[in-house]
$ cat structure.txt   # compact mmCIF, C-alpha atoms
# COMPACT_ATOMS: atom_id res chain seq x y z
CA MET A 78 0.00 0.00 0.00
CA ASP A 79 1.18 3.54 -0.77
CA SER A 80 3.12 4.97 2.19
CA TYR A 81 1.60 8.42 1.69
CA ILE A 82 -1.93 7.04 1.99
CA ILE A 83 -0.97 5.10 5.13
CA THR A 84 0.59 8.21 6.63
CA ILE A 85 -2.35 10.56 6.07
CA THR A 86 -4.75 7.87 7.30
CA LEU A 87 -2.78 7.50 10.52
CA ILE A 88 -2.65 11.30 10.96
CA GLY A 89 -6.41 11.43 10.39
CA ILE A 90 -7.01 8.78 13.04
CA ALA A 91 -4.71 10.59 15.48
CA ALA A 92 -6.29 14.00 14.85
CA LEU A 93 -9.82 12.61 15.15
CA GLY A 94 -8.88 10.85 18.36
CA MET A 95 -7.84 14.17 19.87
CA ALA A 96 -11.54 15.07 20.09
CA TRP A 97 -12.04 12.28 22.63
CA MET A 98 -8.79 12.72 24.52
CA PRO A 99 -10.00 15.30 27.11
CA SER A 100 -12.79 12.94 28.19
CA PHE A 101 -10.42 9.97 28.19
CA THR A 102 -7.88 11.81 30.32
CA LYS A 103 -10.55 13.00 32.74
CA LYS A 104 -11.88 9.48 33.27
CA THR A 105 -8.60 7.55 33.35
CA GLY A 106 -6.08 10.12 34.58
CA ILE A 107 -3.78 9.14 31.68
CA SER A 108 -2.41 11.98 29.57
CA ASP A 109 -3.04 11.96 25.82
CA SER A 110 0.74 12.27 25.40
CA VAL A 111 1.15 8.75 26.76
CA VAL A 112 -1.53 7.40 24.43
CA TYR A 113 -0.10 8.95 21.28
CA LEU A 114 3.45 8.04 22.16
CA LEU A 115 2.36 4.40 22.51
CA LEU A 116 0.32 4.60 19.29
CA GLY A 117 3.33 5.95 17.44
CA ALA A 118 5.62 3.21 18.73
CA ILE A 119 3.13 0.47 17.83
CA SER A 120 2.40 1.93 14.39
CA TYR A 121 6.06 2.24 13.45
CA TYR A 122 6.84 -1.22 14.79
CA PHE A 123 4.14 -3.01 12.79
CA ILE A 124 3.55 -0.81 9.72
CA GLU A 125 6.13 -0.55 6.98
CA GLY A 126 6.46 2.44 4.71
CA LEU A 127 5.87 5.24 7.20
CA PRO A 128 8.20 8.28 6.96
CA LYS A 129 11.49 7.67 8.73
CA PRO A 130 11.29 9.03 12.31
CA ASP A 131 14.91 10.12 12.44
CA PRO A 132 15.43 13.58 14.00
CA VAL A 133 19.21 13.16 13.77
CA ARG A 134 19.18 12.62 10.02
CA TYR A 135 16.46 15.20 9.37
CA GLU A 136 17.53 17.88 11.82
CA GLU A 137 16.35 20.77 9.64
CA TYR A 138 12.84 19.33 9.51
CA THR A 139 12.93 18.73 13.25
CA VAL A 140 13.92 22.34 13.91
CA HIS A 141 11.17 23.87 11.82
CA PHE A 142 8.32 21.56 12.75
CA THR A 143 8.95 21.76 16.49
CA GLU A 144 9.43 25.52 16.08
CA LEU A 145 5.98 25.82 14.48
CA VAL A 146 4.26 23.83 17.23
CA ILE A 147 5.96 25.85 19.97
CA ILE A 148 5.00 29.18 18.39
CA ILE A 149 1.31 28.22 18.31
CA SER A 150 1.47 26.70 21.80
CA ILE A 151 3.08 29.81 23.32
CA MET A 152 0.42 32.04 21.76
CA GLY A 153 -2.37 29.89 23.14
CA GLY A 154 -0.69 29.74 26.54
CA GLY A 155 -0.43 33.51 26.83
CA LEU A 156 -4.05 34.01 25.79
CA LYS A 157 -5.50 31.68 28.40
CA ILE A 158 -3.85 33.17 31.51
CA ASP A 159 -6.57 34.79 33.63
CA ARG A 160 -4.22 36.90 35.70
CA PRO A 161 -3.31 40.49 34.72
CA PHE A 162 0.43 40.96 34.42
CA SER A 163 2.37 42.72 37.14
CA LEU A 164 5.65 41.94 38.86
CA LYS A 165 3.72 41.15 42.04
CA THR A 166 1.02 38.89 40.63
CA TRP A 167 3.53 37.08 38.39
CA ALA A 168 6.22 36.77 41.08
CA VAL A 169 6.05 32.96 41.22
CA PRO A 170 6.65 32.24 37.50
CA LEU A 171 9.30 34.97 37.42
CA ARG A 172 11.11 33.14 40.25
CA LEU A 173 10.90 29.93 38.25
CA LEU A 174 12.35 31.77 35.26
CA THR A 175 15.23 33.54 37.00
CA ILE A 176 16.17 31.08 39.74
CA THR A 177 14.83 27.61 38.98
CA MET A 178 15.69 27.49 35.28
CA VAL A 179 19.21 28.87 35.76
CA LEU A 180 19.81 26.43 38.62
CA CYS A 181 18.60 23.53 36.46
CA ILE A 182 20.99 24.54 33.68
CA PHE A 183 23.92 24.83 36.05
CA LEU A 184 23.32 21.55 37.90
CA LEU A 185 22.66 19.48 34.78
CA THR A 186 25.68 21.00 33.03
CA MET A 187 27.96 20.16 35.95
CA LEU A 188 26.51 16.66 36.33
CA SER A 189 26.99 15.94 32.63
CA TYR A 190 30.52 17.34 32.61
CA LEU A 191 31.75 15.65 35.80
CA PHE A 192 29.76 12.40 35.80
CA LEU A 193 29.18 11.66 32.11
CA HIS A 194 32.51 13.22 31.07
CA LEU A 195 31.00 15.09 28.14
CA ASP A 196 32.90 18.11 26.91
CA PHE A 197 31.77 21.40 28.43
CA ALA A 198 29.98 22.67 25.30
CA SER A 199 27.90 19.48 25.02
CA SER A 200 27.17 19.54 28.75
CA LEU A 201 26.01 23.14 28.56
CA LEU A 202 23.83 22.38 25.53
CA LEU A 203 22.21 19.52 27.42
CA GLY A 204 21.46 21.82 30.34
CA ALA A 205 20.09 24.55 28.07
CA ALA A 206 17.91 22.16 26.07
CA LEU A 207 16.38 20.48 29.10
CA ALA A 208 15.94 23.44 31.44
CA PRO A 209 12.79 25.01 29.90
CA THR A 210 9.39 23.70 30.97
CA ASP A 211 7.54 22.61 27.85
CA PRO A 212 4.43 24.54 26.80
CA VAL A 213 3.31 21.86 24.34
CA LEU A 214 3.03 18.61 26.29
CA ALA A 215 2.01 20.29 29.55
CA ALA A 216 -1.71 20.81 28.87
CA ASP A 217 -2.65 18.56 31.80
CA VAL A 218 -0.92 20.87 34.30
CA GLN A 219 -1.85 24.20 32.75
CA VAL A 220 -4.82 26.51 33.15
CA GLY A 221 -7.91 25.95 31.03
CA PRO A 222 -9.45 28.31 28.46
CA PRO A 223 -9.70 32.06 29.13
CA LEU A 224 -12.28 33.44 31.60
CA GLU A 225 -12.36 30.40 33.85
CA SER A 226 -14.31 30.60 37.09
CA ARG A 227 -11.49 29.38 39.32
CA LYS A 228 -8.07 30.69 40.36
CA ASP A 229 -5.32 28.08 40.63
CA ASN A 230 -1.78 29.08 41.64
CA VAL A 231 -0.15 25.81 40.53
CA ARG A 232 -1.62 25.74 37.03
CA PHE A 233 -1.02 29.46 36.57
CA ALA A 234 2.63 29.18 37.61
CA LEU A 235 3.33 26.26 35.28
CA THR A 236 1.52 27.90 32.35
CA ALA A 237 3.31 31.22 32.72
CA GLU A 238 6.66 29.52 33.33
CA ALA A 239 6.33 27.41 30.18
CA GLY A 240 5.46 30.45 28.11
CA MET A 241 8.35 32.51 29.40
CA ASN A 242 11.20 30.08 29.72
CA ASP A 243 10.79 28.41 26.37
CA GLY A 244 12.07 31.67 24.98
CA MET A 245 14.62 32.18 27.73
CA GLY A 246 16.27 28.87 26.93
CA PHE A 247 17.59 30.40 23.72
CA PRO A 248 20.39 32.57 25.18
CA PHE A 249 21.88 29.54 26.94
CA THR A 250 21.63 27.47 23.78
CA TRP A 251 23.58 30.19 21.97
CA LEU A 252 26.06 30.19 24.85
CA ALA A 253 26.67 26.48 24.27
CA ILE A 254 27.17 27.19 20.56
CA SER A 255 29.61 29.99 21.44
CA VAL A 256 31.57 27.73 23.79
CA ALA A 257 31.76 25.04 21.09
CA SER A 258 33.15 27.68 18.73
CA LEU A 259 35.83 28.96 21.10
CA GLY A 260 39.40 28.96 19.89
CA PRO A 261 42.66 30.39 21.20
CA ASN A 262 42.08 33.79 19.56
CA ASN A 263 38.36 34.42 20.14
CA ALA A 264 37.85 34.52 23.89
CA GLY A 265 35.87 37.71 23.36
CA SER A 266 32.99 35.72 21.88
CA ILE A 267 31.54 35.19 25.37
CA LEU A 268 31.29 38.95 25.88
CA GLU A 269 29.73 39.20 22.43
CA TRP A 270 27.25 36.48 23.43
CA PHE A 271 26.24 38.45 26.54
CA ALA A 272 25.81 41.75 24.70
CA TYR A 273 24.06 40.38 21.61
CA ASP A 274 22.48 36.98 22.32
CA PHE A 275 21.49 37.78 25.90
CA VAL A 276 20.88 41.51 26.30
CA TYR A 277 19.89 42.63 22.81
CA LYS A 278 17.86 39.63 21.65
CA ILE A 279 15.89 39.34 24.89
CA SER A 280 15.21 43.09 24.94
CA ALA A 281 14.20 43.09 21.27
CA GLY A 282 11.85 40.17 21.86
CA ILE A 283 10.15 41.80 24.84
CA ILE A 284 9.80 45.25 23.22
CA ALA A 285 8.60 43.87 19.87
CA GLY A 286 6.11 41.57 21.59
CA PHE A 287 4.70 44.36 23.71
CA LEU A 288 4.34 46.81 20.81
CA LEU A 289 2.89 44.24 18.40
CA GLY A 290 0.53 42.95 21.10
CA LYS A 291 -0.71 46.50 21.72
CA LEU A 292 -1.15 47.07 18.00
CA LEU A 293 -3.03 43.81 17.60
CA GLY A 294 -5.28 44.66 20.54
CA TYR A 295 -6.01 48.09 19.07
CA LEU A 296 -6.89 46.62 15.67
CA ILE A 297 -9.14 43.93 17.15
CA PHE A 298 -10.86 45.73 20.00
CA ASN A 299 -10.89 49.36 18.87
CA VAL A 300 -10.73 49.70 15.09
CA SER A 301 -12.88 46.64 14.33
CA ARG A 302 -15.77 48.00 16.42
CA LYS A 303 -15.93 51.11 14.24
CA THR A 304 -15.15 49.65 10.82
CA LYS A 305 -16.31 46.01 11.30
CA PHE A 306 -13.37 44.86 9.16
CA ILE A 307 -12.50 42.05 11.56
CA ASN A 308 -15.01 39.30 12.20
CA ILE A 309 -14.98 38.78 15.95
CA ASN A 310 -15.64 35.08 15.38
CA ASP A 311 -12.41 34.50 13.48
CA GLY A 312 -10.22 32.70 15.98
CA PHE A 313 -7.61 31.94 13.31
CA ILE A 314 -6.30 35.46 13.97
CA ALA A 315 -4.38 33.99 16.93
CA VAL A 316 -2.33 31.58 14.79
CA ALA A 317 -1.84 34.12 12.00
CA SER A 318 -0.72 36.77 14.49
CA ALA A 319 1.65 34.38 16.23
CA LEU A 320 3.40 33.56 12.96
CA LEU A 321 3.55 37.22 11.94
CA ILE A 322 4.90 38.38 15.30
CA TYR A 323 7.48 35.60 15.35
CA GLY A 324 8.64 36.41 11.83
CA LEU A 325 8.86 40.17 12.38
CA THR A 326 10.81 39.72 15.61
CA GLU A 327 13.25 37.27 14.06
CA MET A 328 13.82 39.78 11.24
CA ILE A 329 15.23 42.27 13.76
CA HIS A 330 17.18 39.39 15.37
CA GLY A 331 15.12 39.27 18.55
CA TYR A 332 13.89 36.09 20.19
CA GLY A 333 10.62 35.23 18.48
CA PHE A 334 9.38 32.88 21.21
CA ILE A 335 9.69 35.63 23.81
CA SER A 336 7.96 38.10 21.51
CA VAL A 337 5.00 35.81 20.79
CA PHE A 338 4.37 35.14 24.48
CA VAL A 339 4.71 38.81 25.46
CA ALA A 340 2.36 39.75 22.62
CA ALA A 341 -0.18 37.12 23.69
CA VAL A 342 -0.15 38.34 27.31
CA THR A 343 -0.33 41.98 26.14
CA LEU A 344 -3.30 41.18 23.90
CA ARG A 345 -4.97 39.26 26.73
CA ASN A 346 -4.51 42.25 29.05
CA TYR A 347 -5.69 44.78 26.43
CA GLU A 348 -9.37 44.02 26.96
CA PHE A 349 -9.23 41.46 29.70
CA LYS A 350 -12.86 40.33 29.92
CA SER A 351 -13.62 40.06 26.21
CA GLU A 352 -15.21 36.76 25.15
CA PHE A 353 -13.20 36.94 21.91
CA HIS A 354 -10.19 35.63 23.82
CA LYS A 355 -11.98 32.27 24.00
CA ASP A 356 -12.26 32.12 20.20
CA LEU A 357 -8.62 33.07 19.79
CA HIS A 358 -7.48 30.45 22.28
CA ASN A 359 -9.78 27.69 21.01
CA PHE A 360 -8.56 27.91 17.44
CA SER A 361 -4.88 27.91 18.38
CA ASP A 362 -5.53 25.04 20.79
CA GLN A 363 -7.16 22.91 18.07
CA VAL A 364 -4.32 23.50 15.62
CA GLU A 365 -1.76 22.79 18.33
CA ARG A 366 -3.40 19.50 19.34
CA ILE A 367 -3.34 18.18 15.76
CA LEU A 368 0.34 19.07 15.37
CA VAL A 369 1.17 17.59 18.77
CA ALA A 370 -0.48 14.31 17.79
CA ILE A 371 1.77 14.12 14.72
CA VAL A 372 4.91 14.93 16.73
CA LEU A 373 4.12 12.29 19.35
CA LEU A 374 3.49 9.65 16.69
CA VAL A 375 6.88 10.39 15.15
CA PHE A 376 8.59 10.45 18.56
CA GLY A 377 7.04 7.08 19.38
CA GLY A 378 8.37 5.79 16.09
CA SER A 379 11.85 7.13 16.79
CA LEU A 380 11.92 5.13 20.02
CA VAL A 381 11.60 1.86 18.09
CA HIS A 382 13.97 3.03 15.36
CA GLY A 383 17.08 3.67 17.43
CA ILE A 384 16.92 7.15 18.95
CA LEU A 385 17.98 5.64 22.29
CA ASP A 386 20.80 3.51 20.84
CA SER A 387 23.53 5.74 22.30
CA LEU A 388 21.98 5.77 25.79
CA THR A 389 24.16 4.32 28.54
CA TRP A 390 23.31 3.47 32.13
CA PRO A 391 25.12 6.56 33.46
CA MET A 392 23.08 8.71 31.06
CA ALA A 393 19.87 7.06 32.22
CA ILE A 394 20.85 7.75 35.82
CA VAL A 395 21.43 11.42 34.99
CA GLY A 396 18.00 11.53 33.36
CA ILE A 397 16.33 10.04 36.42
CA VAL A 398 18.22 12.39 38.72
CA PHE A 399 17.14 15.35 36.62
CA ILE A 400 13.43 14.47 36.67
CA PHE A 401 13.22 13.39 40.31
CA LEU A 402 15.85 15.57 42.01
CA ILE A 403 17.31 18.47 40.02
CA ARG A 404 14.09 20.02 38.73
CA PRO A 405 12.09 19.49 41.97
CA LEU A 406 14.88 20.80 44.22
CA SER A 407 15.55 23.75 41.91
CA GLY A 408 11.85 24.53 42.00
CA ILE A 409 11.73 24.43 45.79
CA VAL A 410 14.75 26.73 45.99
CA GLY A 411 13.18 29.17 43.53
CA LEU A 412 9.91 29.26 45.48
CA MET A 413 11.46 29.24 48.94
CA ASP A 414 10.24 32.69 50.00
CA SER A 415 6.95 32.65 48.12
CA HIS A 416 3.53 32.79 49.78
CA LEU A 417 2.46 29.38 48.44
CA HIS A 418 1.59 26.34 50.55
CA ILE A 419 4.26 23.63 50.59
CA LYS A 420 2.03 21.27 48.60
CA GLU A 421 1.62 23.92 45.91
CA LYS A 422 5.39 24.41 45.81
CA LEU A 423 5.92 20.66 45.46
CA GLY A 424 3.35 20.44 42.68
CA ILE A 425 4.92 23.28 40.73
CA SER A 426 8.45 21.98 41.30
CA PHE A 427 7.77 18.40 40.25
CA TYR A 428 5.57 19.02 37.22
CA GLY A 429 8.04 20.92 35.07
CA ILE A 430 7.32 18.73 32.05
CA ARG A 431 9.99 18.31 29.36
CA GLY A 432 9.05 17.97 25.70
CA LEU A 433 9.20 19.61 22.29
CA GLY A 434 11.15 22.63 23.49
CA SER A 435 14.06 20.34 24.34
CA PHE A 436 13.97 18.75 20.88
CA TYR A 437 13.86 22.19 19.27
CA TYR A 438 16.83 23.64 21.13
CA LEU A 439 18.93 20.53 20.63
CA SER A 440 18.23 20.23 16.90
CA PHE A 441 18.71 23.99 16.43
CA ALA A 442 22.12 23.96 18.10
CA LEU A 443 23.25 20.92 16.13
CA THR A 444 22.38 22.65 12.84
CA GLN A 445 24.50 25.65 13.90
CA LYS A 446 27.60 23.83 15.13
CA ASP A 447 29.05 20.32 15.28
CA PHE A 448 29.10 19.00 18.85
CA LEU A 449 31.30 16.09 19.87
CA TYR A 450 28.50 14.01 21.42
CA SER A 451 25.50 14.75 19.21
CA ASN A 452 24.20 11.15 19.15
CA GLU A 453 24.56 10.86 22.92
CA LEU A 454 22.76 14.18 23.37
CA TRP A 455 19.84 13.00 21.24
CA SER A 456 19.60 9.78 23.24
CA ILE A 457 19.66 11.37 26.68
CA VAL A 458 17.27 14.18 25.73
CA SER A 459 14.87 11.64 24.20
CA PHE A 460 15.12 9.46 27.30
CA ILE A 461 14.35 12.38 29.62
CA VAL A 462 11.40 13.51 27.51
CA LEU A 463 10.14 9.91 27.43
CA LEU A 464 10.53 9.63 31.19
CA SER A 465 8.74 12.95 31.68
CA ILE A 466 5.83 11.92 29.45
CA ILE A 467 5.39 8.64 31.32
CA VAL A 468 5.89 9.84 34.90
CA HIS A 469 4.08 13.16 34.55
CA GLY A 470 1.54 11.85 32.07
CA LEU A 471 0.36 9.07 34.40
CA THR A 472 0.18 11.19 37.54
CA ALA A 473 -0.45 14.83 36.63
CA THR A 474 -4.22 14.69 36.16
CA ARG A 475 -4.93 13.19 39.58
CA VAL A 476 -2.41 15.35 41.43
CA MET A 477 -3.59 18.56 39.77
CA ARG A 478 -7.19 17.68 40.56
CA LYS A 479 -6.37 17.23 44.24
CA LEU A 480 -4.38 20.48 44.40
CA GLU A 481 -7.15 22.30 42.55
CA ASN A 482 -9.81 21.03 44.95
CA LYS A 483 -7.75 22.04 47.96
CA PHE A 484 -6.26 25.39 46.95
CA SER A 485 -8.20 26.90 44.04
CA GLU A 486 -10.56 29.81 44.59
CA GLU A 487 -13.71 30.95 42.81
CA ILE A 488 -13.31 34.14 40.81
CA PHE A 489 -15.95 36.32 39.26
CA HIS A 490 -15.57 38.11 35.94

$ encode --input "structure.txt" --output "structure tokens"
Amino acid sequence: MDSYIITITLIGIAALGMAWMPSFTKKTGISDSVVYLLLGAISYYFIEGLPKPDPVRYEEYTVHFTELVIIISIMGGGLKIDRPFSLKTWAVPLRLLTITMVLCIFLLTMLSYLFLHLDFASSLLLGAALAPTDPVLAADVQVGPPLESRKDNVRFALTAEAGMNDGMGFPFTWLAISVASLGPNNAGSILEWFAYDFVYKISAGIIAGFLLGKLLGYLIFNVSRKTKFININDGFIAVASALLIYGLTEMIHGYGFISVFVAAVTLRNYEFKSEFHKDLHNFSDQVERILVAIVLLVFGGSLVHGILDSLTWPMAIVGIVFIFLIRPLSGIVGLMDSHLHIKEKLGISFYGIRGLGSFYYLSFALTQKDFLYSNELWSIVSFIVLLSIIVHGLTATRVMRKLENKFSEEIFH
């Protein structure tokens, strides 16, 4: 049978199944990520002729497809946060961004360098790729659609963290690339990295996102009311705007991920109680879920086609330590002085799910520079993402439900 026909049939089944996944997850407590990962592994094991699930060989495709999914996911994440932005109200996710993520990068880099004996550039790349909390596979621990009736600190913190630090992982990925490029006569490249890749690109992303978000809000909520040139039922504006904002920001060499999230939050805050935010979020969410189903099928296939072949027992130990110790302890340290209950801190610290963001940063770096342990990096990152999907995917729904019942509050719009 034609491989193309088999492929689109499988995608159709996966996309259709996404309509039933929320009910399935609610009843069983099993994340849809686990289901689609298993479906992908089974399909690739038994069906011949499917596209090769080889992110190492097809790194360019991996970069751009994961990039697309993350852009749409970040936009949807920013739109669904029912908490106006301020340094005070967003203090918890900002702590996770500035303390927890940096601590995760440092600890995983040191562990990889000293225990796995990877070179420093590869160790740093591993830390940078795995530090961000994923916005794509973390739907089970994030807030629901806009204008919900409940306030939940845990879900809010994880949603905002995922939106922010998937962009903030970029400077550290570029740092790893800079370290890999170091020679005897270019020690100044680290200073160049700080000035350009850290200060300028972050600033450009934030400023561009804020200005474009304001402009988008003005066009949607002000101009359209007078001219009626925007149909307030057209939720596709969210995806179109995300792509446009990302592209414009990248053109001025800012970080597009940061810009898209800042724009989404700015738009959400522009007219906070508008029902149109639901349409914007719902469309981006539907597109994202279809793309995620495809990615998970391919990732499941890569597991049975050798992506873990370079994994060693020491690497597996590092992966387990990262999921069960480094991220949770870094989270607790970051939230040490916060007002949250200890159970909320534990929930936020443990459920920093790893996923597509890690694949994106790794594949991006490997297309920019040759690293000595690229195959090993793919294996350990894939193992950690697999471990995260299984551990978090089988427990998150029940744990989040208990935390929500105990700590969430009713809010009135």

$ closest_residue --input "structure.txt" --among "A:Val364, A:Ala234, A:Met98, A:Ile430" --to "Leu173 of chain A" --atoms "all atoms listed in the file"
A:Ala234

$ residues_around --input "structure.txt" --residues "Leu344 of chain A" --least-positions-apart "3" --cutoff "9 Å" --atoms "only C-alpha atoms" --output "ChimeraX atom specification"
/A:155-156,287,289-295,339-341,347-349,354

$ closest_residue --input "structure.txt" --among "A:Gly424, A:Pro128, A:Gly106, A:Pro212" --to "Ile371 of chain A" --atoms "all atoms listed in the file"
A:Pro128

$ closest_residue --input "structure.txt" --among "A:Ile335, A:Ile88, A:Ile158, A:Ile457" --to "Met392 of chain A" --atoms "only C-alpha atoms"
A:Ile457

$ residues_around --input "structure.txt" --residues "segment 394-397 of chain A" --least-positions-apart "3" --cutoff "12 Å" --atoms "all atoms listed in the file" --output "ChimeraX atom specification"
/A:184-194,200,203-204,207,388-391,400-405,431,454,456-465,468

$ closest_residue --input "structure.txt" --among "A:Gly89, A:Gly432, A:Pro223, A:Gly324" --to "Ile147 of chain A" --atoms "all atoms listed in the file"
A:Gly432

$ residues_around --input "structure.txt" --residues "Ala257 of chain A" --least-positions-apart "3" --cutoff "12 Å" --atoms "all atoms listed in the file" --output "short mmCIF file (atom, residue, chain, number, x, y, z; two decimals) with C-alpha atoms, in the frame of the given file"
data_model
loop_
_atom_site.label_atom_id
_atom_site.label_comp_id
_atom_site.auth_asym_id
_atom_site.auth_seq_id
_atom_site.Cartn_x
_atom_site.Cartn_y
_atom_site.Cartn_z
CA ASP A 196 32.90 18.11 26.91
CA PHE A 197 31.77 21.40 28.43
CA ALA A 198 29.98 22.67 25.30
CA SER A 199 27.90 19.48 25.02
CA SER A 200 27.17 19.54 28.75
CA LEU A 201 26.01 23.14 28.56
CA LEU A 202 23.83 22.38 25.53
CA THR A 250 21.63 27.47 23.78
CA TRP A 251 23.58 30.19 21.97
CA LEU A 252 26.06 30.19 24.85
CA ALA A 253 26.67 26.48 24.27
CA ILE A 254 27.17 27.19 20.56
CA GLY A 260 39.40 28.96 19.89
CA ASN A 263 38.36 34.42 20.14
CA ALA A 264 37.85 34.52 23.89
CA SER A 266 32.99 35.72 21.88
CA ILE A 267 31.54 35.19 25.37
CA ALA A 442 22.12 23.96 18.10
CA LEU A 443 23.25 20.92 16.13
CA GLN A 445 24.50 25.65 13.90
CA LYS A 446 27.60 23.83 15.13
CA ASP A 447 29.05 20.32 15.28
CA PHE A 448 29.10 19.00 18.85
CA LEU A 449 31.30 16.09 19.87
CA TYR A 450 28.50 14.01 21.42
#

$ atom_distance --input "structure.txt" --atom1 "atom CA of Phe334 of chain A" --atom2 "atom CA of Met241 of chain A"
8.3 Å

$ atom_distance --input "structure.txt" --atom1 "atom CA of Ala92 of chain A" --atom2 "atom CA of Leu321 of chain A"
25.4 Å

$ closest_residue --input "structure.txt" --among "A:Ser336, A:Phe183, A:Lys165, A:Thr474" --to "Ile283 of chain A" --atoms "all atoms listed in the file"
A:Ser336

$ closest_residue --input "structure.txt" --among "A:Ile425, A:Ala319, A:Ile466, A:Leu433" --to "Val111 of chain A" --atoms "all atoms listed in the file"
A:Ile466

$ atom_distance --input "structure.txt" --atom1 "atom CA of Ile83 of chain A" --atom2 "atom CA of Val112 of chain A"
19.4 Å

$ residues_around --input "structure.txt" --residues "Tyr437 of chain A" --least-positions-apart "6" --cutoff "12 Å" --atoms "all atoms listed in the file" --output "ChimeraX atom specification"
/A:132-133,136-148,202-203,205-207,209,211,213,243-244,246-247,250,334,372,431,443-444,455,458-459

$ residues_around --input "structure.txt" --residues "segment 271-276 of chain A" --least-positions-apart "3" --cutoff "6 Å" --atoms "all atoms listed in the file" --output "list in words"
Pro248, Leu268 and Ile279 of chain A

$ build_atoms --input "structure.txt" --residues "segment 209-214 of chain A" --atoms "all heavy atoms" --output "mmCIF file, in the coordinates of the input"
data_model
loop_
_atom_site.group_PDB
_atom_site.id
_atom_site.type_symbol
_atom_site.label_atom_id
_atom_site.label_comp_id
_atom_site.auth_asym_id
_atom_site.auth_seq_id
_atom_site.Cartn_x
_atom_site.Cartn_y
_atom_site.Cartn_z
ATOM 1 N N PRO A 209 14.116 24.401 30.027
ATOM 2 C CA PRO A 209 12.790 25.010 29.900
ATOM 3 C C PRO A 209 11.653 24.011 30.133
ATOM 4 O O PRO A 209 11.708 22.866 29.684
ATOM 5 C CB PRO A 209 12.768 25.513 28.448
ATOM 6 C CG PRO A 209 14.197 25.579 28.037
ATOM 7 C CD PRO A 209 14.874 24.467 28.768
ATOM 8 N N THR A 210 10.623 24.467 30.827
ATOM 9 C CA THR A 210 9.390 23.700 30.970
ATOM 10 C C THR A 210 8.626 23.779 29.662
ATOM 11 O O THR A 210 8.466 24.850 29.098
ATOM 12 C CB THR A 210 8.536 24.251 32.113
ATOM 13 O OG1 THR A 210 9.285 24.148 33.324
ATOM 14 C CG2 THR A 210 7.248 23.478 32.260
ATOM 15 N N ASP A 211 8.137 22.662 29.181
ATOM 16 C CA ASP A 211 7.540 22.610 27.850
ATOM 17 C C ASP A 211 6.117 23.150 27.842
ATOM 18 O O ASP A 211 5.302 22.767 28.678
ATOM 19 C CB ASP A 211 7.531 21.164 27.345
ATOM 20 C CG ASP A 211 7.184 21.092 25.878
ATOM 21 O OD1 ASP A 211 7.972 21.595 25.064
ATOM 22 O OD2 ASP A 211 6.119 20.548 25.553
ATOM 23 N N PRO A 212 5.791 24.044 26.878
ATOM 24 C CA PRO A 212 4.430 24.540 26.800
ATOM 25 C C PRO A 212 3.504 23.648 25.993
ATOM 26 O O PRO A 212 2.292 23.835 25.987
ATOM 27 C CB PRO A 212 4.610 25.887 26.081
ATOM 28 C CG PRO A 212 5.748 25.628 25.153
ATOM 29 C CD PRO A 212 6.667 24.664 25.879
ATOM 30 N N VAL A 213 4.086 22.661 25.288
ATOM 31 C CA VAL A 213 3.310 21.860 24.340
ATOM 32 C C VAL A 213 2.703 20.628 24.992
ATOM 33 O O VAL A 213 1.506 20.355 24.861
ATOM 34 C CB VAL A 213 4.180 21.453 23.136
ATOM 35 C CG1 VAL A 213 3.371 20.631 22.153
ATOM 36 C CG2 VAL A 213 4.763 22.684 22.452
ATOM 37 N N LEU A 214 3.510 19.865 25.713
ATOM 38 C CA LEU A 214 3.030 18.610 26.290
ATOM 39 C C LEU A 214 2.502 18.781 27.709
ATOM 40 O O LEU A 214 2.219 17.806 28.384
ATOM 41 C CB LEU A 214 4.171 17.579 26.293
ATOM 42 C CG LEU A 214 4.778 17.244 24.930
ATOM 43 C CD1 LEU A 214 5.828 16.159 25.073
ATOM 44 C CD2 LEU A 214 3.709 16.826 23.935
#
